Amino acid sequence: MPLQSSVTAPAKPSSHAFSPGAAAALDVAAGLDLAGQYRLLAGTGNAEGRHFLAQAVLGYADGVAGAEDGAEQAVPVPVLAGLRHAARSSAGKLALLLGSGAEEQGAFGNLRLFADACERLLLRIADVRSFDSPAIHPLYALVESATVFEIGHDLRSIGRRLGVDPRTQPRLAAELVTQRQVDDEALIAANVVLSLASFPVQRLAQIVGFAGALWGAVAMLGAGRPQALAYRAARRAAVAAARGVIGTAGSQSDVLRGARLFGHCVGWLVEATRETDEKIRDRAKAVLDSKAGYAMLHHRGQSLGGKPLLEWFSEESFRAHDMLEALAASPWIAADQVDQSRLFTALLAPGGRMYGVFNDKDIAALKAYFRLPPERRAHPAGHVVDPAYARAIAGRRERATLLDDAAQARFADLRLAYHVLINAEQHPFALATARDVVEKNLAKFRALREAIETQPLYRRFDYAPAAFEERIARIYYLHAEQNEVADLSFDEEALRLLHLYFSPFALVDGCWLRDASAHRHESEVTAILARIFADEIGNSRHEHNHANVYRRLLGELGWNLPAVDDWAYAADERIPTAAFKAPGFLLASNLLHADFFPELLGVNLAIEMSGLDGFYAAMIRDLEARGHTADFWRLHISVDNFSTGHSHQSVVAIVRYLEEVQRAHGEAVMQAAWARVWDGLMTMMYLFGIEFRVLFGARKHANA
Ligand SMILES: [Fe+2]
Ligand SMILES: [Fe+2]
């Protein structure tokens, strides 16, 4: 069949093009310091600025870890030997860091930051585009079993010895950054890992290599300890994943590159603990810089080096170096006995006037500065970790391309939207498409609200847990009654077409929960979503992944379709355009989970309860009567069930979420959040109405 004129291949948007309005966000991202970059990369939401930054940081990492590619081609390294080598050489360095330095806050902060980033490396690895890759399921098993969160085990116990409150640990890395308890090199290592984690499909082979070296190293370190078992399981999973990706083009060198990148990260951690004059100077200056505001408030009458303190700090650009030198020349500092200086014994010590203003690390930084001989304090140049890092980011900003409005508008087309939303990893402008898709669908439901609410069960009500649960049950019974009298039977050809039409939905099964469930450790609600997501993708069993089960059924029905991320799939005109509408909304909701979280919870419930009302049963009856396998529908009747299954868990997620909101913000805000949950639920039910019209259209087309 010839392609319709409306379905022309998209003029390929250049990879990593941004939306028309993204320039300011890119400027902000490009201007961030290392700590600001960390915050953006570790944040919960997807944003074009974050995409840009992650891409830029990986550009730098490619330069660092790719430098040895040439040598490797001359003497090819078998992948598993390469992983072992990277693990062994890093294990020794890590042992030294853990043994000697970790008890001091400095090395602890750096290691904790890095471990935290590593724990996030695999959280988003299960993507609809890689569902058919044998590499992802063994790796996702580590997320599911929480083995990835074991990596910080040693550090958590060290943290406890240092008096770090275990309850603050989930937020600890961010706090360490805020309190400047980490060094620049450690921030680079963490930023590289978080950037890698931002491209779980494109960088899969590198992630596999990185993970292989990482768990190889911790398994060596952990030998004989209780958690060694988990680490060894993780190493085996990474090796299995490496076997799973080897064979695809270029993957072998990418796996090795990922392993080398891990080695470089450990190298940066070692570097972070190495003192240099520049670092000592920079740290001392940063201490004063950060206290300028405090000093302005509290030192009105004091002076230093013949100049009032107020004047020191109010100068256009505060010259921390000059002030440090003035301090060094003042009676506050004893050059030969820095520790005994009055600054530290009288002013900053317990009982002193400025006690508590500087933390231990600040004081250590100042002491280190004053211990340097004057000639080594004098160099004006600041400490720059690696000039190539900043160059990579600036260079990427210069080359970044922005779409124009007309190009962006084209992606509102349902097929194009589906295509770019699936491939958002290459197309940051898809975040603008996603916003458009989510907002338009929510608005469409609101415009139809009055008509929809002629059915009283679809009318919103004030939230109370019991009323909510009862209403959901009544909606379920209503749908079941409607289906009991409806004709749900399909003949062979109609059944084939129906399954083709449903494929844009079924082949991305679970997609709406991918990014939200990456934050599984942050709340009970995200943990529930993560459990549902884990089921959707087959509980780490490749053959049980719902999308993979569906693809087998498609094969049985004679459909051999391209991969969902291929344009050839979205452009396949045998599939009606409207069949891309509901799944496009789900892909978009996933990308914007942070902004539309209440709606997402409602959307999720609508999906998990759909079909239990008799539709799945009808599919099973019709398929099996014709000798086909109905696994896809059977497994959903069991896994989505109302007593303990996904439907029930989705109700619980909403109840827990609203409890959280009520506790934190009170009744009024909770009811507002509830209104958004309800709108999400109803919008998805409205979209199911469209989806079912598409599916039932299969009968008409079959007989045409
Ligand atoms: Fe499913
Ligand atoms: Fe489900």
# chains A, B, ... in the order shown; residues from 1 in each chain; ligands from 1
$ select_by_dssp --residues "segment 276-390 of chain A" --states "helix (DSSP H, G or I)" --output "number ranges by chain"
A: 277-298, 309-314, 320-329, 338-340, 342-347, 360-371, 374-377, 387-390
$ residues_near_ligand --ligand "ligand 2" --cutoff "8 Å" --atoms "only C-alpha atoms and all ligand atoms" --output "list in words"
Gly510, Ile532, Phe533, Asp535, Glu536, Ile607, Glu608, His636, Val639, Asp640, Gly645, His646 and Ser647 of chain A
$ residues_near_ligand --ligand "ligand 1" --cutoff "12 Å" --atoms "only C-alpha atoms and all ligand atoms" --output "PyMOL selection string"
chain A and resi 505-513+532-539+544-550+604+607-611+616+631-641+645-647
$ closest_residue --among "A:Asp436, A:Glu691, A:Asp289, A:Asp613" --to "Tyr476 of chain A" --atoms "only C-alpha atoms"
A:Asp613
$ closest_atom_pairs --of "segment 133-232 of chain A" --to "segment 29-34 of chain A" --cutoff "12 Å" --atoms "only C-alpha atoms" --output "Markdown table"
| residue | atom | partner | partner_atom | distance |
| --- | --- | --- | --- | --- |
| A:Val177 | CA | A:Leu34 | CA | 9.6 |
| A:Thr178 | CA | A:Leu34 | CA | 11.4 |
| A:Arg180 | CA | A:Leu34 | CA | 11.0 |
| A:Val182 | CA | A:Leu34 | CA | 10.6 |
| A:Asp183 | CA | A:Leu34 | CA | 9.7 |
| A:Asp184 | CA | A:Leu34 | CA | 6.9 |
| A:Glu185 | CA | A:Leu34 | CA | 9.2 |
| A:Ala186 | CA | A:Leu34 | CA | 9.7 |
| A:Leu187 | CA | A:Leu34 | CA | 6.3 |
| A:Ile188 | CA | A:Leu34 | CA | 7.1 |
| A:Ala189 | CA | A:Leu34 | CA | 10.4 |
| A:Ala190 | CA | A:Leu34 | CA | 9.9 |
| A:Asn191 | CA | A:Leu34 | CA | 8.1 |
| A:Val192 | CA | A:Leu34 | CA | 11.1 |
$ write_last_selection --atoms "C-alpha atoms" --output "PDB file, in the first residue's frame"
ATOM      1  CA  VAL A 177      27.429  19.433  47.896  1.00  0.00           C
ATOM      2  CA  THR A 178      25.599  22.356  49.477  1.00  0.00           C
ATOM      3  CA  ARG A 180      30.995  22.148  50.105  1.00  0.00           C
ATOM      4  CA  VAL A 182      33.159  17.530  48.364  1.00  0.00           C
ATOM      5  CA  ASP A 183      36.054  18.342  46.075  1.00  0.00           C
ATOM      6  CA  ASP A 184      35.806  19.466  42.463  1.00  0.00           C
ATOM      7  CA  GLU A 185      37.269  16.239  41.076  1.00  0.00           C
ATOM      8  CA  ALA A 186      34.651  14.211  42.920  1.00  0.00           C
ATOM      9  CA  LEU A 187      31.955  16.428  41.442  1.00  0.00           C
ATOM     10  CA  ILE A 188      33.349  15.750  37.978  1.00  0.00           C
ATOM     11  CA  ALA A 189      33.219  11.997  38.628  1.00  0.00           C
ATOM     12  CA  ALA A 190      29.639  12.215  39.922  1.00  0.00           C
ATOM     13  CA  ASN A 191      28.566  14.454  37.033  1.00  0.00           C
ATOM     14  CA  VAL A 192      30.018  12.018  34.504  1.00  0.00           C
TER      15      VAL A 192
END
$ residues_around --residues "Gly689 of chain A" --least-positions-apart "6" --cutoff "10 Å" --atoms "only C-alpha atoms" --output "number ranges by chain"
A: 582, 683, 695
$ write_last_selection --atoms "C-alpha atoms" --output "PDB file, in the first residue's frame"
ATOM      1  CA  ALA A 582      -3.220   7.468  23.850  1.00  0.00           C
ATOM      2  CA  THR A 683      -8.348  12.245  30.843  1.00  0.00           C
ATOM      3  CA  LEU A 695      -9.822  -1.067  18.189  1.00  0.00           C
TER       4      LEU A 695
END
$ decode --residues "segment 542-556 of chain A" --atoms "all heavy atoms" --output "compact mmCIF listing (two decimals), in the first residue's frame"
# COMPACT_ATOMS: atom_id res chain seq x y z
N HIS A 542 13.52 -11.25 30.46
CA HIS A 542 13.36 -10.76 29.09
C HIS A 542 12.07 -11.28 28.45
O HIS A 542 11.30 -10.53 27.85
CB HIS A 542 14.59 -11.22 28.29
CG HIS A 542 14.57 -10.79 26.86
ND1 HIS A 542 14.85 -9.51 26.47
CD2 HIS A 542 14.27 -11.47 25.72
CE1 HIS A 542 14.76 -9.41 25.16
NE2 HIS A 542 14.40 -10.58 24.68
N GLU A 543 11.82 -12.58 28.58
CA GLU A 543 10.68 -13.19 27.88
C GLU A 543 9.35 -12.83 28.54
O GLU A 543 8.29 -13.00 27.95
CB GLU A 543 10.86 -14.72 27.76
CG GLU A 543 10.81 -15.50 29.07
CD GLU A 543 12.11 -15.46 29.88
OE1 GLU A 543 12.98 -14.61 29.59
OE2 GLU A 543 12.22 -16.27 30.82
N HIS A 544 9.39 -12.32 29.79
CA HIS A 544 8.15 -11.95 30.47
C HIS A 544 7.79 -10.48 30.31
O HIS A 544 6.72 -10.05 30.72
CB HIS A 544 8.25 -12.26 31.98
CG HIS A 544 8.30 -13.73 32.26
ND1 HIS A 544 8.46 -14.24 33.53
CD2 HIS A 544 8.22 -14.80 31.45
CE1 HIS A 544 8.48 -15.57 33.47
NE2 HIS A 544 8.34 -15.92 32.21
N ASN A 545 8.71 -9.69 29.78
CA ASN A 545 8.43 -8.28 29.53
C ASN A 545 7.14 -8.17 28.71
O ASN A 545 7.01 -8.80 27.65
CB ASN A 545 9.62 -7.68 28.77
CG ASN A 545 9.48 -6.21 28.49
OD1 ASN A 545 8.42 -5.76 28.07
ND2 ASN A 545 10.54 -5.46 28.71
N HIS A 546 6.16 -7.41 29.21
CA HIS A 546 4.85 -7.38 28.57
C HIS A 546 4.93 -7.02 27.09
O HIS A 546 4.22 -7.58 26.26
CB HIS A 546 3.91 -6.42 29.31
CG HIS A 546 3.56 -6.89 30.69
ND1 HIS A 546 2.67 -6.24 31.51
CD2 HIS A 546 3.98 -7.98 31.40
CE1 HIS A 546 2.57 -6.89 32.65
NE2 HIS A 546 3.36 -7.94 32.62
N ALA A 547 5.79 -6.07 26.77
CA ALA A 547 5.93 -5.67 25.36
C ALA A 547 6.50 -6.84 24.54
O ALA A 547 6.08 -7.06 23.39
CB ALA A 547 6.84 -4.46 25.25
N ASN A 548 7.44 -7.57 25.12
CA ASN A 548 8.01 -8.71 24.40
C ASN A 548 6.98 -9.83 24.22
O ASN A 548 6.96 -10.50 23.19
CB ASN A 548 9.26 -9.23 25.12
CG ASN A 548 10.41 -8.21 25.09
OD1 ASN A 548 10.37 -7.27 24.29
ND2 ASN A 548 11.40 -8.38 25.94
N VAL A 549 6.13 -10.02 25.25
CA VAL A 549 5.05 -11.02 25.14
C VAL A 549 4.11 -10.62 24.00
O VAL A 549 3.70 -11.44 23.18
CB VAL A 549 4.25 -11.13 26.47
CG1 VAL A 549 3.05 -12.06 26.31
CG2 VAL A 549 5.16 -11.62 27.60
N TYR A 550 3.83 -9.30 23.92
CA TYR A 550 2.92 -8.82 22.88
C TYR A 550 3.53 -8.99 21.49
O TYR A 550 2.85 -9.34 20.54
CB TYR A 550 2.54 -7.35 23.13
CG TYR A 550 1.33 -6.92 22.32
CD1 TYR A 550 0.06 -7.25 22.75
CD2 TYR A 550 1.46 -6.22 21.13
CE1 TYR A 550 -1.07 -6.89 22.02
CE2 TYR A 550 0.35 -5.85 20.39
CZ TYR A 550 -0.91 -6.18 20.84
OH TYR A 550 -2.02 -5.82 20.11
N ARG A 551 4.83 -8.76 21.40
CA ARG A 551 5.47 -8.89 20.09
C ARG A 551 5.43 -10.35 19.60
O ARG A 551 5.27 -10.61 18.41
CB ARG A 551 6.91 -8.37 20.14
CG ARG A 551 7.46 -8.02 18.77
CD ARG A 551 8.79 -7.32 18.84
NE ARG A 551 8.69 -5.87 18.86
CZ ARG A 551 8.46 -5.11 17.78
NH1 ARG A 551 8.29 -5.67 16.60
NH2 ARG A 551 8.40 -3.81 17.88
N ARG A 552 5.52 -11.28 20.54
CA ARG A 552 5.39 -12.70 20.15
C ARG A 552 3.99 -12.97 19.61
O ARG A 552 3.81 -13.68 18.62
CB ARG A 552 5.68 -13.61 21.36
CG ARG A 552 7.16 -13.72 21.69
CD ARG A 552 7.46 -15.00 22.47
NE ARG A 552 6.73 -15.09 23.72
CZ ARG A 552 7.13 -14.55 24.88
NH1 ARG A 552 8.26 -13.88 24.92
NH2 ARG A 552 6.41 -14.68 25.96
N LEU A 553 2.98 -12.38 20.27
CA LEU A 553 1.60 -12.56 19.81
C LEU A 553 1.42 -11.95 18.41
O LEU A 553 0.79 -12.55 17.53
CB LEU A 553 0.63 -11.92 20.82
CG LEU A 553 -0.85 -11.89 20.45
CD1 LEU A 553 -1.40 -13.29 20.17
CD2 LEU A 553 -1.67 -11.25 21.59
N LEU A 554 2.02 -10.77 18.22
CA LEU A 554 1.94 -10.13 16.89
C LEU A 554 2.52 -11.07 15.83
O LEU A 554 1.96 -11.23 14.75
CB LEU A 554 2.72 -8.81 16.89
CG LEU A 554 2.05 -7.61 17.56
CD1 LEU A 554 3.04 -6.45 17.64
CD2 LEU A 554 0.80 -7.17 16.80
N GLY A 555 3.65 -11.69 16.17
CA GLY A 555 4.29 -12.62 15.23
C GLY A 555 3.36 -13.77 14.90
O GLY A 555 3.22 -14.17 13.73
N GLU A 556 2.70 -14.28 15.94
CA GLU A 556 1.77 -15.39 15.74
C GLU A 556 0.63 -14.99 14.81
O GLU A 556 0.12 -15.81 14.05
CB GLU A 556 1.17 -15.75 17.11
CG GLU A 556 1.23 -17.22 17.44
CD GLU A 556 0.59 -17.46 18.80
OE1 GLU A 556 -0.64 -17.53 18.85
OE2 GLU A 556 1.33 -17.54 19.79
